[in-house]
$ cat work21.csv   # CSV, C-alpha atoms and all ligand atoms
chain,number,residue,atom,x,y,z
V,1,MET,CA,48.5,62.8,120.6
V,2,SER,CA,51.2,62.3,118.0
V,3,PHE,CA,52.8,59.1,117.0
V,4,GLN,CA,55.9,61.0,116.0
V,5,ASN,CA,56.9,62.6,119.3
V,6,PRO,CA,58.9,60.6,121.9
V,7,VAL,CA,57.2,59.9,125.2
V,8,PHE,CA,58.5,61.2,128.5
V,9,ILE,CA,56.6,58.8,130.7
V,10,PRO,CA,58.7,56.6,132.9
V,11,GLY,CA,57.5,53.5,131.0
V,12,PRO,CA,56.5,52.3,128.6
V,13,THR,CA,59.6,53.8,127.0
V,14,ASN,CA,60.4,54.7,123.4
V,15,ILE,CA,61.0,51.7,121.3
V,16,PRO,CA,64.1,51.7,119.0
V,17,GLU,CA,63.4,50.8,115.4
V,18,SER,CA,65.6,47.7,115.6
V,19,LEU,CA,63.6,46.3,118.6
V,20,ARG,CA,60.2,47.0,116.9
V,21,LYS,CA,61.5,44.9,114.0
V,22,ALA,CA,62.7,42.2,116.2
V,23,CYS,CA,59.3,41.9,117.8
V,24,ASP,CA,57.6,41.8,114.4
V,25,MET,CA,58.2,38.2,113.3
V,26,PRO,CA,56.3,35.4,111.6
V,27,THR,CA,54.6,32.8,113.8
V,28,ILE,CA,56.9,30.0,114.8
V,29,ASP,CA,55.9,26.8,116.6
V,30,HIS,CA,56.8,27.4,120.2
V,31,ARG,CA,57.0,23.7,120.7
V,32,SER,CA,59.7,23.3,118.1
V,33,PRO,CA,63.5,23.5,118.6
V,34,LEU,CA,63.4,26.8,116.9
V,35,PHE,CA,61.9,28.4,120.0
V,36,GLY,CA,64.9,27.4,122.0
V,37,THR,CA,67.1,29.6,119.9
V,38,ILE,CA,65.1,32.6,121.2
V,39,LEU,CA,64.4,31.4,124.7
V,40,HIS,CA,67.9,30.5,125.9
V,41,PRO,CA,69.8,33.5,124.6
V,42,ALA,CA,67.1,35.8,126.1
V,43,ARG,CA,67.5,34.2,129.5
V,44,GLU,CA,71.2,34.4,129.3
V,45,GLY,CA,71.1,38.1,128.1
V,46,VAL,CA,68.8,39.0,131.1
V,47,ARG,CA,71.2,37.3,133.4
V,48,LYS,CA,74.1,39.4,132.1
V,49,VAL,CA,72.1,42.6,132.3
V,50,MET,CA,71.3,41.8,135.9
V,51,LYS,CA,75.0,41.3,136.5
V,52,SER,CA,74.6,37.7,137.6
V,53,THR,CA,76.3,34.5,136.6
V,54,SER,CA,74.0,32.2,138.5
V,55,ALA,CA,70.5,33.7,138.7
V,56,GLU,CA,67.7,31.5,137.3
V,57,VAL,CA,65.9,33.7,134.9
V,58,PHE,CA,62.1,33.4,134.2
V,59,ILE,CA,60.1,35.3,131.6
V,60,PHE,CA,56.4,35.4,131.9
V,61,PRO,CA,53.9,36.7,129.4
V,62,CYS,CA,52.4,39.4,131.5
V,63,SER,CA,53.3,42.9,132.8
V,64,GLY,CA,56.0,43.4,135.5
V,65,THR,CA,53.4,43.2,138.3
V,66,GLY,CA,53.2,39.5,137.6
V,67,GLY,CA,56.9,39.3,138.5
V,68,TRP,CA,56.0,40.4,142.0
V,69,GLU,CA,53.3,37.7,142.2
V,70,ALA,CA,55.7,35.0,140.9
V,71,THR,CA,58.3,36.0,143.5
V,72,LEU,CA,55.9,36.0,146.5
V,73,THR,CA,53.9,32.9,145.6
V,74,ASN,CA,56.9,30.7,144.9
V,75,THR,CA,58.9,31.5,148.0
V,76,LEU,CA,56.4,32.3,150.8
V,77,SER,CA,53.5,30.8,152.8
V,78,PRO,CA,50.4,32.4,154.2
V,79,GLY,CA,51.1,34.2,157.4
V,80,ASP,CA,54.9,34.7,156.7
V,81,THR,CA,56.3,38.0,157.7
V,82,VAL,CA,57.9,40.4,155.2
V,83,LEU,CA,59.4,43.8,155.8
V,84,ALA,CA,58.8,46.6,153.4
V,85,ALA,CA,58.9,50.4,153.2
V,86,ARG,CA,56.2,52.5,151.5
V,87,ASN,CA,57.7,55.6,149.9
V,88,GLY,CA,55.6,55.8,146.7
V,89,MET,CA,52.9,54.2,144.6
V,90,PHE,CA,54.9,51.2,143.4
V,91,SER,CA,56.2,50.1,146.8
V,92,HIS,CA,52.6,50.7,148.1
V,93,LYS,CA,51.1,48.4,145.4
V,94,TRP,CA,53.6,45.6,146.2
V,95,ILE,CA,52.7,45.9,149.9
V,96,ASP,CA,49.1,45.7,149.0
V,97,MET,CA,49.7,42.5,147.0
V,98,CYS,CA,51.5,40.9,150.0
V,99,GLN,CA,48.5,41.8,152.2
V,100,ARG,CA,46.1,40.3,149.7
V,101,PHE,CA,48.1,37.1,149.8
V,102,GLY,CA,47.7,36.9,153.5
V,103,LEU,CA,51.3,37.8,154.4
V,104,ASN,CA,52.1,39.7,157.5
V,105,VAL,CA,53.7,42.9,156.2
V,106,MET,CA,55.7,45.0,158.6
V,107,VAL,CA,55.3,48.4,156.8
V,108,GLU,CA,57.7,51.3,157.4
V,109,ASP,CA,56.0,54.4,156.1
V,110,VAL,CA,58.3,57.1,155.0
V,111,THR,CA,57.6,60.4,153.4
V,112,TRP,CA,57.2,60.2,149.7
V,113,GLY,CA,60.5,61.6,148.3
V,114,GLU,CA,62.6,59.7,150.8
V,115,GLY,CA,64.4,56.4,150.1
V,116,LEU,CA,64.2,53.1,151.8
V,117,PRO,CA,65.1,53.6,155.4
V,118,VAL,CA,68.2,51.4,155.6
V,119,ASP,CA,69.1,52.3,159.2
V,120,ARG,CA,65.6,51.6,160.4
V,121,PHE,CA,65.6,48.3,158.6
V,122,ALA,CA,69.0,47.5,160.2
V,123,GLU,CA,67.5,48.0,163.7
V,124,ILE,CA,64.4,45.9,162.9
V,125,LEU,CA,66.5,43.1,161.4
V,126,THR,CA,68.9,43.2,164.4
V,127,ALA,CA,66.0,43.1,166.8
V,128,ASP,CA,64.4,40.1,165.0
V,129,THR,CA,66.6,37.5,166.7
V,130,GLU,CA,64.1,34.7,166.1
V,131,HIS,CA,64.2,35.4,162.4
V,132,LYS,CA,60.5,35.8,162.0
V,133,ILE,CA,61.0,38.0,158.9
V,134,SER,CA,61.2,35.7,155.9
V,135,ALA,CA,61.8,38.4,153.2
V,136,VAL,CA,62.7,42.1,152.9
V,137,LEU,CA,61.1,43.9,150.0
V,138,ALA,CA,63.0,46.8,148.3
V,139,THR,CA,61.8,49.0,145.5
V,140,HIS,CA,65.1,49.9,143.9
V,141,ASN,CA,63.8,52.9,142.0
V,142,GLU,CA,60.5,54.3,143.1
V,143,THR,CA,59.0,55.5,139.8
V,144,ALA,CA,56.3,57.6,141.4
V,145,THR,CA,58.8,59.9,143.2
V,146,GLY,CA,62.0,59.5,141.2
V,147,VAL,CA,63.9,58.1,144.2
V,148,THR,CA,66.6,55.4,143.9
V,149,SER,CA,67.2,53.5,147.1
V,150,ASP,CA,70.4,51.9,148.5
V,151,VAL,CA,70.0,48.2,147.8
V,152,GLU,CA,73.7,47.5,148.5
V,153,GLY,CA,73.3,49.2,151.9
V,154,LEU,CA,70.3,47.0,152.6
V,155,ARG,CA,72.3,43.9,151.8
V,156,LYS,CA,75.0,45.1,154.2
V,157,ALA,CA,72.4,45.7,156.9
V,158,LEU,CA,71.1,42.1,156.5
V,159,ASP,CA,74.6,40.7,156.7
V,160,ALA,CA,75.5,42.9,159.7
V,161,ALA,CA,72.4,41.6,161.5
V,162,GLY,CA,73.3,38.0,160.4
V,163,HIS,CA,69.7,37.8,159.2
V,164,PRO,CA,68.8,35.1,156.7
V,165,ALA,CA,65.7,36.9,155.2
V,166,LEU,CA,65.4,36.8,151.4
V,167,LEU,CA,66.0,40.0,149.6
V,168,PHE,CA,63.4,40.8,147.0
V,169,VAL,CA,64.1,43.8,144.7
V,170,ASP,CA,61.6,45.6,142.4
V,171,GLY,CA,64.0,46.7,139.7
V,172,VAL,CA,61.3,47.4,137.1
V,173,SER,CA,62.4,51.0,136.5
V,174,SER,CA,66.1,50.4,137.2
V,175,ILE,CA,67.3,47.2,135.6
V,176,GLY,CA,69.0,48.0,132.3
V,177,SER,CA,69.1,51.8,133.1
V,178,ILE,CA,70.7,52.2,136.6
V,179,ASP,CA,73.4,50.0,138.0
V,180,PHE,CA,72.0,46.8,139.4
V,181,ARG,CA,74.2,44.0,140.8
V,182,PHE,CA,72.3,40.8,141.4
V,183,ASP,CA,75.2,38.7,142.5
V,184,GLU,CA,77.2,41.4,144.4
V,185,TRP,CA,74.2,42.7,146.3
V,186,GLY,CA,73.1,39.2,147.2
V,187,VAL,CA,69.7,39.8,145.6
V,188,ASP,CA,67.3,36.8,145.9
V,189,ALA,CA,64.6,37.9,143.6
V,190,ALA,CA,64.9,40.7,141.0
V,191,VAL,CA,61.7,41.7,139.2
V,192,THR,CA,61.4,43.8,136.0
V,193,GLY,CA,59.3,44.1,132.9
V,194,SER,CA,59.9,44.5,129.2
V,195,GLN,CA,58.7,48.1,128.8
V,196,LYS,CA,61.2,50.2,130.7
V,197,GLY,CA,64.9,49.7,130.5
V,198,PHE,CA,64.5,46.9,127.9
V,199,MET,CA,62.8,49.4,125.6
V,200,LEU,CA,60.1,47.0,124.4
V,201,PRO,CA,56.3,47.0,124.5
V,202,SER,CA,54.7,45.9,127.8
V,203,GLY,CA,54.0,42.2,128.0
V,204,LEU,CA,56.9,40.4,129.7
V,205,ALA,CA,57.6,40.0,133.4
V,206,ILE,CA,61.2,39.2,133.8
V,207,LEU,CA,62.5,37.6,137.0
V,208,GLY,CA,65.9,36.6,138.4
V,209,MET,CA,66.0,34.1,141.3
V,210,SER,CA,68.9,33.2,143.5
V,211,THR,CA,69.7,29.6,144.5
V,212,LYS,CA,68.4,30.4,148.0
V,213,ALA,CA,65.1,31.7,146.6
V,214,MET,CA,64.8,28.6,144.4
V,215,GLU,CA,65.3,26.5,147.5
V,216,ALA,CA,62.5,28.4,149.3
V,217,ARG,CA,60.0,27.3,146.8
V,218,LYS,CA,60.3,23.7,148.1
V,219,THR,CA,58.5,24.7,151.3
V,220,ALA,CA,56.5,27.7,150.2
V,221,LYS,CA,52.8,27.1,150.4
V,222,LEU,CA,51.2,30.0,148.6
V,223,PRO,CA,49.2,28.6,145.7
V,224,ARG,CA,50.6,29.3,142.2
V,225,THR,CA,49.6,27.9,138.9
V,226,PHE,CA,50.3,30.4,136.1
V,227,PHE,CA,53.4,31.6,138.0
V,228,SER,CA,54.7,28.2,139.0
V,229,LEU,CA,58.4,28.2,138.7
V,230,ASP,CA,58.4,24.4,138.8
V,231,ASP,CA,56.2,24.2,135.7
V,232,MET,CA,58.3,26.8,134.0
V,233,LEU,CA,61.6,24.9,134.7
V,234,THR,CA,60.1,21.8,133.3
V,235,GLY,CA,59.2,23.7,130.2
V,236,TYR,CA,62.6,25.4,129.9
V,237,ALA,CA,64.3,22.0,130.2
V,238,ALA,CA,62.5,21.1,127.0
V,239,SER,CA,63.1,24.5,125.4
V,240,ALA,CA,59.4,25.1,125.9
V,241,TYR,CA,56.7,26.7,128.0
V,242,PRO,CA,53.8,25.4,130.2
V,243,TYR,CA,51.6,27.6,127.9
V,244,THR,CA,52.0,29.9,124.9
V,245,PRO,CA,54.9,32.3,125.3
V,246,SER,CA,55.1,35.8,123.7
V,247,VAL,CA,57.6,34.7,121.1
V,248,GLY,CA,57.9,38.1,119.3
V,249,LEU,CA,58.5,40.0,122.6
V,250,MET,CA,61.0,37.4,123.6
V,251,ASN,CA,62.8,37.8,120.3
V,252,GLY,CA,62.8,41.5,121.0
V,253,LEU,CA,64.1,40.9,124.5
V,254,ASN,CA,67.0,38.9,123.1
V,255,GLU,CA,67.8,41.8,120.8
V,256,ALA,CA,67.4,44.4,123.6
V,257,CYS,CA,69.9,42.5,125.8
V,258,LYS,CA,72.4,42.4,122.9
V,259,MET,CA,71.9,46.2,122.4
V,260,LEU,CA,72.5,47.0,126.0
V,261,LEU,CA,75.5,44.7,126.3
V,262,GLU,CA,77.0,46.0,123.0
V,263,GLU,CA,76.7,49.6,124.3
V,264,GLY,CA,78.2,48.3,127.5
V,265,LEU,CA,76.2,48.4,130.8
V,266,GLU,CA,78.5,51.0,132.3
V,267,ASN,CA,78.0,53.2,129.3
V,268,VAL,CA,74.2,52.7,129.5
V,269,PHE,CA,74.2,53.8,133.1
V,270,ALA,CA,76.5,56.8,132.3
V,271,ARG,CA,74.2,57.8,129.5
V,272,HIS,CA,71.1,57.7,131.8
V,273,HIS,CA,73.1,59.7,134.4
V,274,ARG,CA,74.1,62.4,131.9
V,275,ILE,CA,70.6,62.8,130.5
V,276,ALA,CA,69.1,62.9,133.9
V,277,GLU,CA,71.6,65.5,135.0
V,278,GLY,CA,70.5,67.7,132.1
V,279,VAL,CA,66.9,67.4,133.1
V,280,ARG,CA,67.8,68.2,136.7
V,281,GLU,CA,69.7,71.3,135.6
V,282,ALA,CA,66.6,72.4,133.7
V,283,VAL,CA,64.5,72.0,136.9
V,284,ARG,CA,66.9,74.1,138.9
V,285,ALA,CA,66.8,76.8,136.2
V,286,TRP,CA,63.0,76.8,136.4
V,287,GLY,CA,63.4,77.4,140.2
V,288,LEU,CA,61.3,74.3,140.9
V,289,ASP,CA,62.1,71.5,143.4
V,290,ILE,CA,62.9,67.9,142.7
V,291,CYS,CA,60.6,65.5,144.7
V,292,ALA,CA,63.5,63.3,145.8
V,293,ALA,CA,64.6,64.6,149.1
V,294,SER,CA,68.4,64.7,148.5
V,295,PRO,CA,70.9,64.3,145.6
V,296,ASP,CA,71.9,60.8,146.7
V,297,LEU,CA,68.4,59.7,146.0
V,298,TYR,CA,68.0,61.3,142.6
V,299,SER,CA,66.8,58.8,140.0
V,300,ASN,CA,68.5,58.6,136.7
V,301,THR,CA,65.4,57.2,135.0
V,302,VAL,CA,62.7,59.6,136.1
V,303,THR,CA,62.5,63.0,137.7
V,304,ALA,CA,59.4,64.0,139.7
V,305,ILE,CA,59.1,67.8,139.8
V,306,ARG,CA,57.2,69.7,142.4
V,307,THR,CA,55.1,72.6,141.2
V,308,PRO,CA,54.3,75.6,143.4
V,309,GLU,CA,51.8,75.4,146.2
V,310,GLY,CA,48.2,75.8,144.9
V,311,PHE,CA,49.1,74.8,141.3
V,312,ASP,CA,47.7,71.5,140.1
V,313,ALA,CA,50.6,69.7,138.5
V,314,SER,CA,48.4,67.3,136.6
V,315,THR,CA,47.2,70.2,134.4
V,316,ILE,CA,50.7,70.2,132.9
V,317,VAL,CA,50.4,66.6,131.8
V,318,ALA,CA,46.9,67.1,130.4
V,319,HIS,CA,47.9,70.3,128.6
V,320,ALA,CA,51.0,68.7,127.1
V,321,ALA,CA,49.0,65.9,125.7
V,322,GLN,CA,46.2,68.2,124.3
V,323,ALA,CA,48.3,71.1,123.0
V,324,TYR,CA,51.6,69.5,122.0
V,325,GLY,CA,50.9,65.7,121.7
V,326,VAL,CA,53.6,65.0,124.3
V,327,ALA,CA,53.3,62.6,127.2
V,328,TYR,CA,54.7,63.2,130.7
V,329,GLY,CA,54.0,61.2,133.9
V,330,THR,CA,51.4,62.5,136.3
V,331,GLY,CA,51.6,62.5,140.1
V,332,LEU,CA,50.4,59.4,141.8
V,333,GLY,CA,49.0,58.8,145.3
V,334,ASP,CA,50.4,61.1,148.0
V,335,VAL,CA,52.0,63.3,145.4
V,336,ALA,CA,49.0,63.5,143.0
V,337,GLY,CA,48.6,67.1,141.8
V,338,LYS,CA,51.9,68.1,143.5
V,339,VAL,CA,54.3,66.7,141.0
V,340,PHE,CA,54.6,65.9,137.3
V,341,ARG,CA,57.2,63.5,136.1
V,342,ILE,CA,59.7,63.5,133.2
V,343,GLY,CA,60.7,60.0,132.3
V,344,HIS,CA,64.2,59.7,130.9
V,345,LEU,CA,65.0,56.1,130.5
V,346,GLY,CA,65.5,53.6,127.8
V,347,SER,CA,66.2,54.7,124.3
V,348,LEU,CA,66.9,58.4,124.7
V,349,THR,CA,69.4,61.0,123.4
V,350,ASP,CA,70.3,64.5,124.5
V,351,VAL,CA,68.3,65.8,121.6
V,352,MET,CA,65.2,63.9,122.7
V,353,ALA,CA,65.6,65.1,126.2
V,354,LEU,CA,66.0,68.7,125.1
V,355,SER,CA,62.7,68.4,123.2
V,356,GLY,CA,61.0,67.1,126.4
V,357,ILE,CA,62.4,69.9,128.5
V,358,ALA,CA,61.4,72.5,125.9
V,359,THR,CA,57.8,71.3,125.7
V,360,ALA,CA,57.4,71.1,129.5
V,361,GLU,CA,58.6,74.7,129.5
V,362,MET,CA,56.0,75.8,127.0
V,363,CYS,CA,53.3,74.0,129.0
V,364,MET,CA,54.3,75.7,132.3
V,365,VAL,CA,54.3,79.1,130.6
V,366,ASP,CA,51.0,78.5,128.9
V,367,LEU,CA,49.5,77.6,132.3
V,368,GLY,CA,50.8,80.8,133.9
V,369,LEU,CA,53.8,79.6,135.9
V,370,ASP,CA,56.5,82.1,136.4
V,371,ILE,CA,59.1,80.4,134.2
V,372,LYS,CA,61.1,82.0,131.4
V,373,LEU,CA,60.9,80.2,128.1
V,374,GLY,CA,64.3,78.7,127.2
V,375,SER,CA,65.7,78.8,130.7
V,376,GLY,CA,65.6,75.1,131.4
V,377,VAL,CA,66.6,74.3,127.8
V,378,ALA,CA,69.6,76.6,128.1
V,379,ALA,CA,70.7,75.0,131.3
V,380,ALA,CA,70.4,71.5,129.9
V,381,GLN,CA,72.2,72.6,126.7
V,382,GLU,CA,75.1,74.0,128.7
V,383,TYR,CA,75.3,70.7,130.6
V,384,TYR,CA,75.1,68.5,127.5
V,385,ARG,CA,77.7,70.7,125.7
V,386,ALA,CA,80.1,70.5,128.6
V,387,LYS,CA,79.8,66.8,128.9
V,388,PRO,CA,79.3,65.5,125.3
V,389,ALA,CA,78.0,62.0,124.9
V,390,ARG,CA,80.7,59.6,123.7
V,391,THR,CA,78.4,56.6,123.5
V,392,GLN,CA,75.3,57.9,121.8
V,393,LYS,CA,75.6,55.4,119.0
V,394,ALA,CA,73.6,52.6,120.5
V,395,ALA,CA,71.3,54.8,122.4
V,396,ALA,CA,68.6,55.1,119.8
T,401,LIG,C1,56.2,50.2,136.1
T,401,LIG,C2,56.6,49.7,137.4
T,401,LIG,C3,55.9,48.6,138.0
T,401,LIG,C4,54.7,47.9,137.3
T,401,LIG,O1,55.0,47.2,136.2
T,401,LIG,P1,53.8,46.8,135.2
T,401,LIG,O2,54.6,46.3,134.1
T,401,LIG,O3,53.0,48.0,134.9
T,401,LIG,O4,53.0,45.7,135.9
T,401,LIG,C5,56.3,48.1,139.2
T,401,LIG,N1,57.3,48.7,139.9
T,401,LIG,C6,57.9,49.8,139.4
T,401,LIG,C7,59.0,50.4,140.2
T,401,LIG,C8,57.6,50.3,138.2
T,401,LIG,O5,58.2,51.4,137.7

$ encode --input "work21.csv" --output "structure tokens"
Amino acid sequence: MSFQNPVFIPGPTNIPESLRKACDMPTIDHRSPLFGTILHPAREGVRKVMKSTSAEVFIFPCSGTGGWEATLTNTLSPGDTVLAARNGMFSHKWIDMCQRFGLNVMVEDVTWGEGLPVDRFAEILTADTEHKISAVLATHNETATGVTSDVEGLRKALDAAGHPALLFVDGVSSIGSIDFRFDEWGVDAAVTGSQKGFMLPSGLAILGMSTKAMEARKTAKLPRTFFSLDDMLTGYAASAYPYTPSVGLMNGLNEACKMLLEEGLENVFARHHRIAEGVREAVRAWGLDICAASPDLYSNTVTAIRTPEGFDASTIVAHAAQAYGVAYGTGLGDVAGKVFRIGHLGSLTDVMALSGIATAEMCMVDLGLDIKLGSGVAAAQEYYRAKPARTQKAAA
């Protein structure tokens, strides 16, 4: 592999120079007041990126998966019922975690490539007149299939049913890249990590909790120690942590929030949409199918591309790494061998995207697929020329 080429995996994403520098700092005493000058602005920055004025933000030194665990253990008790849909590897893994914690998970299985079944959830919630369901889990952007689900619609379904269940959202591959509205959508827990939209190395789980979710922790009986929000709040009140925080990463997070807010969240989302559209134009020109079942589900952070029947899509990923030193995402779970993924989130420009499209094309031609060199690149070029980026400045 090459250290020079950008990566086209849907996380970890490319790290802008300014953020690498922000993470690279001398040791400071995390029990001194100096730490507060990193901690508090980072929490405030995350709150803004999540479009919230009231969310209680927590930052744990672990990967995003820890954010799922922090959410569940602080709000639920063994035997509690949660409702979730399985439409890809990440929603599957969150369900698996719930089951391992002894929660009763009502699983709605949907075809991978489909979104969260809002109508079906509406029926289930309406039928649950005794309010047995304590929480609804939603994977906003299913990274395995490149599908963005309708969290706003889910909130409306909860409200229409008059159902008090908590709404937990996995926003790991959407927050900071795809529009996410914590307050407006009535999200109770939003989970993300440092290595996707925030463009940092992996190592921080980032969590936003609503007042209602914070209340739930008072009766929740699942055990938590490392992920105790109470311990964390005690720490935050003293500008400190219950253990040793990842200070460099948090400094990077503070800087990442500034970058995103300076570019403007709407511009960030528009940039992701543009770049994604160029990639999708390329896929169309190749004559291949997008895994996401319909355009309303297309993800602006990752595109999973179906390869022809009988062709092992994972060979593209292996060949790209070996021959060109470029990384793409492989197919996971139900779609293993059937799709490869182009990640297009975080610090990315048209020029970078074009190089990813061009290299994917070389790989597919090398491996004997009936694709014309330059066809996808030309389609993306046409798109990018027609819709020039006005806000590329802060993109990389
Ligand atoms: C990457 C990802 C995760 C897992 O995050 P880790 O930081 O690897 O623990 C969870 N959910 C989604 C949707 C993701 O894309």

$ residues_near_ligand --input "work21.csv" --ligand "ligand LIG 401 (chain T)" --cutoff "9 Å" --atoms "only C-alpha atoms and all ligand atoms" --output "PyMOL selection string"
chain V and resi 10-12+62-68+89-91+93-94+139-144+170-174+191-196+202-205

$ atom_distance --input "work21.csv" --atom1 "atom CA of V:Leu167" --atom2 "atom CA of V:Arg155"
7.7 Å

$ closest_residue --input "work21.csv" --among "V:Gly287, V:Pro6, V:Gly197, V:Gly45" --to "V:Lys372" --atoms "all atoms listed in the file"
V:Gly287

$ residues_around --input "work21.csv" --residues "stretch 292-302 of chain V" --least-positions-apart "6" --cutoff "9 Å" --atoms "only C-alpha atoms" --output "ChimeraX atom specification"
/V:8-10,112-115,141-150,173-174,177-178,197,269,272-277,341-346

$ atom_distance --input "work21.csv" --atom1 "atom CA of V:Arg43" --atom2 "atom CA of V:Leu137"
23.6 Å

$ atom_distance --input "work21.csv" --atom1 "atom CA of V:Tyr384" --atom2 "atom CA of V:Val151"
29.2 Å

$ closest_residue --input "work21.csv" --among "V:Phe168, V:Phe227, V:Trp185, V:Tyr324" --to "V:Lys156" --atoms "all atoms listed in the file"
V:Trp185

$ closest_atom_pairs --input "work21.csv" --of "stretch 245-341 of chain V" --to "stretch 361-368 of chain V" --cutoff "12 Å" --atoms "only C-alpha atoms" --output "tab-separated table"
residue	atom	partner	partner_atom	distance
V:Val279	CA	V:Glu361	CA	11.6
V:Ala282	CA	V:Glu361	CA	9.3
V:Val283	CA	V:Glu361	CA	9.8
V:Ala285	CA	V:Glu361	CA	10.8
V:Trp286	CA	V:Glu361	CA	8.4
V:Leu288	CA	V:Met364	CA	11.2
V:Ile305	CA	V:Met364	CA	11.9
V:Thr307	CA	V:Met364	CA	9.5
V:Pro308	CA	V:Met364	CA	11.1
V:Phe311	CA	V:Leu367	CA	9.4
V:Asp312	CA	V:Leu367	CA	10.1
V:Ala313	CA	V:Met364	CA	9.4
V:Ser314	CA	V:Met364	CA	11.1
V:Thr315	CA	V:Leu367	CA	8.0
V:Ile316	CA	V:Cys363	CA	6.0
V:Val317	CA	V:Cys363	CA	8.4
V:Ala318	CA	V:Cys363	CA	9.5
V:His319	CA	V:Cys363	CA	6.6
V:Ala320	CA	V:Cys363	CA	6.1
V:Ala321	CA	V:Cys363	CA	9.7
V:Gln322	CA	V:Cys363	CA	10.3
V:Ala323	CA	V:Cys363	CA	8.3
V:Tyr324	CA	V:Cys363	CA	8.5
V:Gly325	CA	V:Cys363	CA	11.3
V:Val326	CA	V:Cys363	CA	10.2
V:Ala327	CA	V:Cys363	CA	11.5
V:Tyr328	CA	V:Cys363	CA	11.0
V:Phe340	CA	V:Met364	CA	11.0

$ write_last_selection --input "work21.csv" --atoms "C-alpha atoms" --output "PDB file, in the frame of the given file"
ATOM      1  CA  VAL V 279      66.900  67.400 133.100  1.00  0.00           C
ATOM      2  CA  ALA V 282      66.600  72.400 133.700  1.00  0.00           C
ATOM      3  CA  VAL V 283      64.500  72.000 136.900  1.00  0.00           C
ATOM      4  CA  ALA V 285      66.800  76.800 136.200  1.00  0.00           C
ATOM      5  CA  TRP V 286      63.000  76.800 136.400  1.00  0.00           C
ATOM      6  CA  LEU V 288      61.300  74.300 140.900  1.00  0.00           C
ATOM      7  CA  ILE V 305      59.100  67.800 139.800  1.00  0.00           C
ATOM      8  CA  THR V 307      55.100  72.600 141.200  1.00  0.00           C
ATOM      9  CA  PRO V 308      54.300  75.600 143.400  1.00  0.00           C
ATOM     10  CA  PHE V 311      49.100  74.800 141.300  1.00  0.00           C
ATOM     11  CA  ASP V 312      47.700  71.500 140.100  1.00  0.00           C
ATOM     12  CA  ALA V 313      50.600  69.700 138.500  1.00  0.00           C
ATOM     13  CA  SER V 314      48.400  67.300 136.600  1.00  0.00           C
ATOM     14  CA  THR V 315      47.200  70.200 134.400  1.00  0.00           C
ATOM     15  CA  ILE V 316      50.700  70.200 132.900  1.00  0.00           C
ATOM     16  CA  VAL V 317      50.400  66.600 131.800  1.00  0.00           C
ATOM     17  CA  ALA V 318      46.900  67.100 130.400  1.00  0.00           C
ATOM     18  CA  HIS V 319      47.900  70.300 128.600  1.00  0.00           C
ATOM     19  CA  ALA V 320      51.000  68.700 127.100  1.00  0.00           C
ATOM     20  CA  ALA V 321      49.000  65.900 125.700  1.00  0.00           C
ATOM     21  CA  GLN V 322      46.200  68.200 124.300  1.00  0.00           C
ATOM     22  CA  ALA V 323      48.300  71.100 123.000  1.00  0.00           C
ATOM     23  CA  TYR V 324      51.600  69.500 122.000  1.00  0.00           C
ATOM     24  CA  GLY V 325      50.900  65.700 121.700  1.00  0.00           C
ATOM     25  CA  VAL V 326      53.600  65.000 124.300  1.00  0.00           C
ATOM     26  CA  ALA V 327      53.300  62.600 127.200  1.00  0.00           C
ATOM     27  CA  TYR V 328      54.700  63.200 130.700  1.00  0.00           C
ATOM     28  CA  PHE V 340      54.600  65.900 137.300  1.00  0.00           C
TER      29      PHE V 340
END

$ closest_residue --input "work21.csv" --among "V:Pro245, V:Gly88, V:Pro26, V:Gly252" --to "V:Gly331" --atoms "only C-alpha atoms"
V:Gly88

$ closest_residue --input "work21.csv" --among "V:Thr225, V:Ser246, V:Thr53, V:Thr349" --to "V:Phe182" --atoms "all atoms listed in the file"
V:Thr53

$ closest_residue --input "work21.csv" --among "V:Ala160, V:Leu261, V:Ala238, V:Leu103" --to "V:Thr75" --atoms "all atoms listed in the file"
V:Leu103

$ residues_near_point --input "work21.csv" --point "(61.0, 48.0, 123.8)" --cutoff "6 Å" --atoms "all atoms listed in the file" --output "PDB file with C-alpha atoms, in the coordinates of the input"
ATOM      1  CA  ILE V  15      61.000  51.700 121.300  1.00  0.00           C
ATOM      2  CA  GLN V 195      58.700  48.100 128.800  1.00  0.00           C
ATOM      3  CA  PHE V 198      64.500  46.900 127.900  1.00  0.00           C
ATOM      4  CA  MET V 199      62.800  49.400 125.600  1.00  0.00           C
ATOM      5  CA  LEU V 200      60.100  47.000 124.400  1.00  0.00           C
ATOM      6  CA  PRO V 201      56.300  47.000 124.500  1.00  0.00           C
TER       7      PRO V 201
END

$ closest_residue --input "work21.csv" --among "V:Glu255, V:Tyr243, V:Ala353, V:Leu265" --to "V:Glu17" --atoms "all atoms listed in the file"
V:Glu255
